[in-house]
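To keep things clear, I will list the structure first and then write my remarks on it.
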Amino acid sequence: MSKPESKVRVYEYAKSLDMSSKEIITILKKLEMPVNNHMSVMEPEAIGKVEQFFRKIKSNASKPASPSSKPQSNGDIQIKNSQEKQVGMNNKPQTPNSSQSQSQGGNRPQGNRSSSSVGGGQSRPQSGGASRPQSSGQGARPSSGGQGGQGARPGSTSTGSQNRSGGGASSSQSRGPSSSNSSYGGNRSGGQGGQGGNRTGGQGGQGGNRTGGQGGRPGGQRRSDDSRGGFRGGQGGRGGKGGRGGNNRNNQPPREKIDNTPKKIIVRGTMTVAETAKLLHKDASEVIKKLIMLGVMATINQELDLETIQLLAGDFGVEVEIKIPVEDDRFETLEETDEEADLKERPPVVTIMGHVDHGKTTLLDAIRSTNVTGGEAGGITQHIGAYQVEINNKKISFLDTPGHEAFTAMRARGAQVTDITIIVVAADDGVMPQTVEAVNHAKAANLPIIVAVNKIDKPGADPDRVKQELTEYGLVPEEWGGDTIFVNVSAKQRMGLEGLLEMILLVAEVNDYRANPDKRARGTVIEAELDKGRGPVARILVQHGTLKVGDAFVAGNCFGRVRAMVNDKGRRLKEAGPSTPVEITGLTEVPQAGDPFMVFEDERKARSIADKRSITQRESDMGANTRVTLDDLFKHIKDGEIKDLNVIIKGDVQGSVEALKGSLAKIEVEGVRVKIIHSGAGAINESDIILAAASNAIVIGFNVRPDNQAALTAEQEKVDIRLHRVIYSVIEEIEQAMKGMLDPIFKETVIGQAEVRSTFKVTKVGVIAGSMVIQGKIARNAEARLIRGGIVVYEGKIDSLKRYKDDAKEVSQGYECGITLDYNDIQEGDIIEAFVMEAVER
Ligand SMILES: Nc1nc2c(ncn2[C@@H]2O[C@H](COP(=O)(O)OP(=O)(O)OP(=O)(O)O)[C@@H](O)[C@H]2O)c(=O)[nH]1
């Protein structure tokens, strides 16, 4: 049988190697072997040479894997044939076939057991070789097994070659024959087989060989497979099929492929080509080919998107079910419902706000230092953005960053970390603008408010006046029939602090703050920074579940694994439950304050979610704004998204603010009402913008302008600011917007600002403002407004613009100029803002 089998046609041989006939013909021609076309018969010699050629390539390649890939496959058919022959031939003598035989030799390996038994005895050579096999080192190395794989195909040979060397000795002893065979890689392989598979070999000479091929694989065990599939086996993986190998001998049809393609696969996200192939039960090379046919050039490690995976699977006739946990990458919106029984009481989280210098920091420090719990005394307190105190065996967590801007900025990012707010008001100073802002920020967040009337130790302290003033803002003390808790304290003298803490506990009790500690942790980043020594550090408030060292997590668009965790006393923790502030290391990047934090099952998952989040964020950054603007107000109203139009009003004087509030309250448009969430006199500041952003509000400026920072933040946060000088026009604009009837309008574009450095009175001309252009440019034909302390004191045309004595068309930033307006009350320090009106499409 050997003979017939040894005759293989080019196309068969090519097919067995997963190659094209053309490629084989090219190789044969290169090797100067006679060949006409794909039907040409390949004599053993030709096959041997081709295999040798592959072997050579292989041994030159640093990585055995790649080249082999194809070749190996060859093994399949051909080899089988060869094997079969081999079997028949077992005897080494047959060198001729050897080429194949060798290959087969490799194949045979499998023979070990089964076959071996058969031929075993006969093939001494190998057997011989075989025996030592292991010893042979190379073959021996299990790894060689891998090689064995290669061995299978051409590779096998190569292996073989090594083997030999390795087994050299042995082989040599084993006998020349094999060596002679060795001329073909195969032989050697046999030889090696000896070594590798040897053991097997031990039994049957040939067995040995075959083994050889795979032999590599220590496989004594695998033998079973091996036994069959020689080559394929060798080639790895396919070993399975190899099984047939065994049969081969019986001349069964060379390869009948068992189609184990799944009917359906479940896809949970993007996958690499290798992963997809595995899922489809296909060789990566097969998948890559298919992809090429689909017009996708991909490498084995390339990530395939869902669409491509679907296409690909469809091409293999496999149904795809996509199961992507969508909510995972927007985990902050994930609403987890816990069983009532799993909820345990948790400490309240408190934020302190108030007007500048009213004592927020002093109060925070006082509370912290007077309430170090016994167990933790002596710990070095450190700033981690929040801290916990204990009173009456109950804990309270304080956020350490006082100020409503920080609070609202977090809220604007979607973070709801606070349960209770404390508004600090100095008893000697009373309610000030930022007190009102703080109250409105707390109210906008729907949080309970406790008023701490501070500095009661001061001589001019008048707590009742504070109470009185706050009633105007809806905070009425209990003793006056309201429901707001007022506590008199002196942060400096540490008076009244316990009372304050007790009140916090009371509010907490009433509101019954609870969380489930027995699940994966979720929380919010309070602060984060890059520490030179420790890398990115994040201060987290755990809000649900329990965070443990070693947990993989996502924070914003960053991910990591909790390497170390310390609390505010500098103590290392292994785990942290709800309402606990902790500082963690183990992040890959620095997240932002307000970023949501959540634990995931492993780092891989965390990474993929972080990646998805950053992509989504980039997309939304590029996309349209999500804030309400007057221009699209009507659409929101129609869509039922808006029932209250949140508005912040800033005016030049309290009187005009009140007038405007009254007029806006009267606007009636079906189903919608104007809700003023904050108002005050003075320029529009950053705090207003942040509040607007957090509350989806528009800002109305009445005779005031945004300060620079506010303008910048408004642009970033896409907050709609409407500036007016006539109450009527405000009302009309809002009303029209609510009805969806805003006319196309002219939009004002500020082109520059100049600061008045000195003024000169010139008869008949008026006051000349000697100014420095501090931003943009001032143009002669632009309109101008004069701003003093954020308030617009005049608006009109620019009368004249001069550089030295000459009229100028425009003057750019960094240059001085003289400006006259049709208005003479110009003062040093005033800002002249130049603007033009441009028609904009709605
Ligand atoms: N007499 C007296 N002085 C106090 C009290 N609390 C704070 N102060 C003083 O008031 C000043 C301002 O206190 P801070 O705690 O810095 O005020 P703050 O509200 O944190 O100020 P900003 O951080 O600037 O917003 C400091 O000089 C404190 O010593 C108090 O209860 N009594």
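Lettering and numbering for the structure tokens are positional, with chains as A, B, ... in the shown order, residues counted from 1 in each chain, and ligands counted from 1 in the shown order.
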Within-9 Å residues of ligand 1, basis only C-alpha atoms and all ligand atoms, as a PyMOL selection string:
chain A and resi 353-365+402-403+424-427+453-459+489-495
Residues just named, written with C-alpha atoms as a tab-separated table (two decimals), in the first residue's frame:
```tsv
chain	number	residue	atom	x	y	z
A	353	MET	CA	-21.50	75.23	53.52
A	354	GLY	CA	-21.69	78.92	54.21
A	355	HIS	CA	-20.43	82.40	53.48
A	356	VAL	CA	-16.72	83.04	53.34
A	357	ASP	CA	-15.09	83.43	56.76
A	358	HIS	CA	-18.16	82.34	58.65
A	359	GLY	CA	-16.16	79.46	60.09
A	360	LYS	CA	-16.67	76.36	57.92
A	361	THR	CA	-13.10	75.19	58.16
A	362	THR	CA	-12.84	75.95	61.84
A	363	LEU	CA	-16.03	74.03	62.49
A	364	LEU	CA	-14.85	71.02	60.48
A	365	ASP	CA	-11.54	71.02	62.34
A	402	PRO	CA	-16.44	72.93	52.48
A	403	GLY	CA	-18.21	75.18	50.06
A	424	VAL	CA	-22.81	77.93	58.82
A	425	VAL	CA	-23.78	81.53	59.51
A	426	ALA	CA	-21.62	83.81	61.64
A	427	ALA	CA	-23.82	85.28	64.33
A	453	VAL	CA	-25.15	79.74	63.99
A	454	ASN	CA	-21.45	80.19	64.61
A	455	LYS	CA	-19.24	82.60	66.54
A	456	ILE	CA	-21.74	83.00	69.33
A	457	ASP	CA	-18.77	83.74	71.56
A	458	LYS	CA	-18.25	87.00	69.76
A	459	PRO	CA	-19.44	90.17	71.42
A	489	VAL	CA	-22.10	76.98	68.23
A	490	SER	CA	-18.68	78.46	68.62
A	491	ALA	CA	-16.26	76.57	66.45
A	492	LYS	CA	-13.39	78.43	67.98
A	493	GLN	CA	-14.37	77.84	71.59
A	494	ARG	CA	-15.68	74.38	70.74
A	495	MET	CA	-19.05	75.17	72.22
```
Spatial neighbours of region 290-300 of chain A, 7 Å, only C-alpha atoms, chain gap at least 4 places, as a count of residues only:
6
Find the spatial neighbours of Lys777 (chain A), counting only C-alpha atoms, within a cut-off of 8 Å - ignore same-chain residues fewer than 2 positions away - and output them as a PyMOL selection string.
chain A and resi 751-754+773+775+779+810-813+834
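What separates CA of Phe760 (chain A) from CA of Asn781 (chain A) is a distance of 22.1 Å.
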From a DSSP pass on the backbone, collect the residues of region 652-820 of chain A flagged as strand (DSSP E) and hand them back as an NGL selection string.
:A and (673-681 or 698-702 or 721-724 or 746-762 or 766-779 or 783-788 or 791-803 or 806-807 or 810-812 or 816-820)
One decimal, Å: what's the distance from CA of Thr276 (chain A) over to CA of Glu303 (chain A), could you say?
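Separation of CA of Thr276 (chain A) and CA of Glu303 (chain A): 9.3 Å.
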Quick one: DSSP alpha helix (DSSP H) residues in region 480-642 of chain A, as an MDAnalysis selection string?
chainID A and resid 497:511 603:622 630:638
Interatomic distance (Å, one decimal) between CA of Glu12 (chain A) and CA of Ile288 (chain A)
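The value is 22.3 Å.
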Using only C-alpha atoms, pick whichever of A:Arg411, A:Lys675, A:Arg368, A:Lys289 has the shortest atom-to-atom distance to Glu390 (chain A).
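Once distances to Glu390 (chain A) are computed over only C-alpha atoms, the minimum belongs to A:Arg368.
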Surrounding residues of Ser695 (chain A) excluding itself and chain neighbours under 6 positions, 8 Å, only C-alpha atoms, as a PyMOL selection string:
chain A and resi 412+444+646
Would you give me, as JSON lines, each residue of region 487-577 of chain A having an atom within 9 Å of an atom of region 589-600 of chain A, along with its shortest atom pair and that distance in Å to one decimal, using only C-alpha atoms and sorting by chain and residue number?
```
{"residue": "A:Arg520", "atom": "CA", "partner": "A:Val599", "partner_atom": "CA", "distance": 5.8}
{"residue": "A:Ala521", "atom": "CA", "partner": "A:Val599", "partner_atom": "CA", "distance": 5.5}
{"residue": "A:Arg522", "atom": "CA", "partner": "A:Met598", "partner_atom": "CA", "distance": 4.3}
{"residue": "A:Gly523", "atom": "CA", "partner": "A:Phe597", "partner_atom": "CA", "distance": 4.9}
{"residue": "A:Thr524", "atom": "CA", "partner": "A:Pro596", "partner_atom": "CA", "distance": 4.6}
{"residue": "A:Val525", "atom": "CA", "partner": "A:Ala593", "partner_atom": "CA", "distance": 5.2}
{"residue": "A:Ile526", "atom": "CA", "partner": "A:Ala593", "partner_atom": "CA", "distance": 4.9}
{"residue": "A:Glu527", "atom": "CA", "partner": "A:Ala593", "partner_atom": "CA", "distance": 4.8}
{"residue": "A:Ala528", "atom": "CA", "partner": "A:Val590", "partner_atom": "CA", "distance": 6.1}
{"residue": "A:Glu529", "atom": "CA", "partner": "A:Val590", "partner_atom": "CA", "distance": 5.9}
{"residue": "A:Leu530", "atom": "CA", "partner": "A:Val590", "partner_atom": "CA", "distance": 6.4}
{"residue": "A:Gly535", "atom": "CA", "partner": "A:Glu589", "partner_atom": "CA", "distance": 8.2}
{"residue": "A:Pro536", "atom": "CA", "partner": "A:Val590", "partner_atom": "CA", "distance": 5.2}
{"residue": "A:Val537", "atom": "CA", "partner": "A:Val590", "partner_atom": "CA", "distance": 7.0}
{"residue": "A:Ala538", "atom": "CA", "partner": "A:Val590", "partner_atom": "CA", "distance": 7.3}
{"residue": "A:Arg539", "atom": "CA", "partner": "A:Ala593", "partner_atom": "CA", "distance": 8.7}
{"residue": "A:Ile540", "atom": "CA", "partner": "A:Phe597", "partner_atom": "CA", "distance": 7.8}
{"residue": "A:Leu541", "atom": "CA", "partner": "A:Phe597", "partner_atom": "CA", "distance": 8.8}
{"residue": "A:Val542", "atom": "CA", "partner": "A:Phe597", "partner_atom": "CA", "distance": 8.3}
{"residue": "A:Leu547", "atom": "CA", "partner": "A:Val599", "partner_atom": "CA", "distance": 7.6}
{"residue": "A:Asp551", "atom": "CA", "partner": "A:Val599", "partner_atom": "CA", "distance": 6.4}
{"residue": "A:Ala552", "atom": "CA", "partner": "A:Phe600", "partner_atom": "CA", "distance": 5.6}
{"residue": "A:Phe553", "atom": "CA", "partner": "A:Val599", "partner_atom": "CA", "distance": 4.0}
{"residue": "A:Val554", "atom": "CA", "partner": "A:Met598", "partner_atom": "CA", "distance": 5.5}
{"residue": "A:Ala555", "atom": "CA", "partner": "A:Phe597", "partner_atom": "CA", "distance": 4.3}
{"residue": "A:Gly556", "atom": "CA", "partner": "A:Asp595", "partner_atom": "CA", "distance": 4.7}
{"residue": "A:Asn557", "atom": "CA", "partner": "A:Pro591", "partner_atom": "CA", "distance": 6.9}
{"residue": "A:Cys558", "atom": "CA", "partner": "A:Glu589", "partner_atom": "CA", "distance": 5.7}
{"residue": "A:Phe559", "atom": "CA", "partner": "A:Glu589", "partner_atom": "CA", "distance": 7.4}
{"residue": "A:Gly560", "atom": "CA", "partner": "A:Glu589", "partner_atom": "CA", "distance": 8.3}
{"residue": "A:Arg561", "atom": "CA", "partner": "A:Val599", "partner_atom": "CA", "distance": 8.9}
```
For the residues in that selection, give me C-alpha atoms as a PDB file, in the first residue's frame.
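What follows is the written file out-v2.pdb:
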```pdb
ATOM      1  CA  ARG A 520     -19.986  44.781  45.733  1.00  0.00           C
ATOM      2  CA  ALA A 521     -19.034  48.326  46.569  1.00  0.00           C
ATOM      3  CA  ARG A 522     -20.318  51.430  44.855  1.00  0.00           C
ATOM      4  CA  GLY A 523     -19.451  54.969  45.713  1.00  0.00           C
ATOM      5  CA  THR A 524     -18.141  58.299  44.540  1.00  0.00           C
ATOM      6  CA  VAL A 525     -14.706  59.771  44.094  1.00  0.00           C
ATOM      7  CA  ILE A 526     -14.398  62.719  46.448  1.00  0.00           C
ATOM      8  CA  GLU A 527     -10.907  63.722  45.461  1.00  0.00           C
ATOM      9  CA  ALA A 528      -8.100  62.232  43.422  1.00  0.00           C
ATOM     10  CA  GLU A 529      -4.549  63.138  42.652  1.00  0.00           C
ATOM     11  CA  LEU A 530      -1.310  61.822  41.327  1.00  0.00           C
ATOM     12  CA  GLY A 535       0.830  56.866  41.734  1.00  0.00           C
ATOM     13  CA  PRO A 536      -2.808  57.805  41.309  1.00  0.00           C
ATOM     14  CA  VAL A 537      -4.594  58.079  44.642  1.00  0.00           C
ATOM     15  CA  ALA A 538      -8.346  58.410  44.988  1.00  0.00           C
ATOM     16  CA  ARG A 539     -10.421  59.299  48.008  1.00  0.00           C
ATOM     17  CA  ILE A 540     -13.637  57.436  47.788  1.00  0.00           C
ATOM     18  CA  LEU A 541     -16.832  57.546  49.722  1.00  0.00           C
ATOM     19  CA  VAL A 542     -18.206  54.032  49.748  1.00  0.00           C
ATOM     20  CA  LEU A 547     -15.026  47.689  49.371  1.00  0.00           C
ATOM     21  CA  ASP A 551     -11.267  44.482  44.452  1.00  0.00           C
ATOM     22  CA  ALA A 552     -11.157  45.426  40.779  1.00  0.00           C
ATOM     23  CA  PHE A 553     -13.063  48.622  40.097  1.00  0.00           C
ATOM     24  CA  VAL A 554     -13.942  51.391  37.705  1.00  0.00           C
ATOM     25  CA  ALA A 555     -13.781  55.026  38.811  1.00  0.00           C
ATOM     26  CA  GLY A 556     -15.078  57.380  36.146  1.00  0.00           C
ATOM     27  CA  ASN A 557     -13.157  56.365  33.072  1.00  0.00           C
ATOM     28  CA  CYS A 558     -10.308  54.838  35.046  1.00  0.00           C
ATOM     29  CA  PHE A 559      -9.954  51.367  36.413  1.00  0.00           C
ATOM     30  CA  GLY A 560      -7.758  49.557  38.866  1.00  0.00           C
ATOM     31  CA  ARG A 561      -7.507  47.116  41.699  1.00  0.00           C
TER      32      ARG A 561
END
```
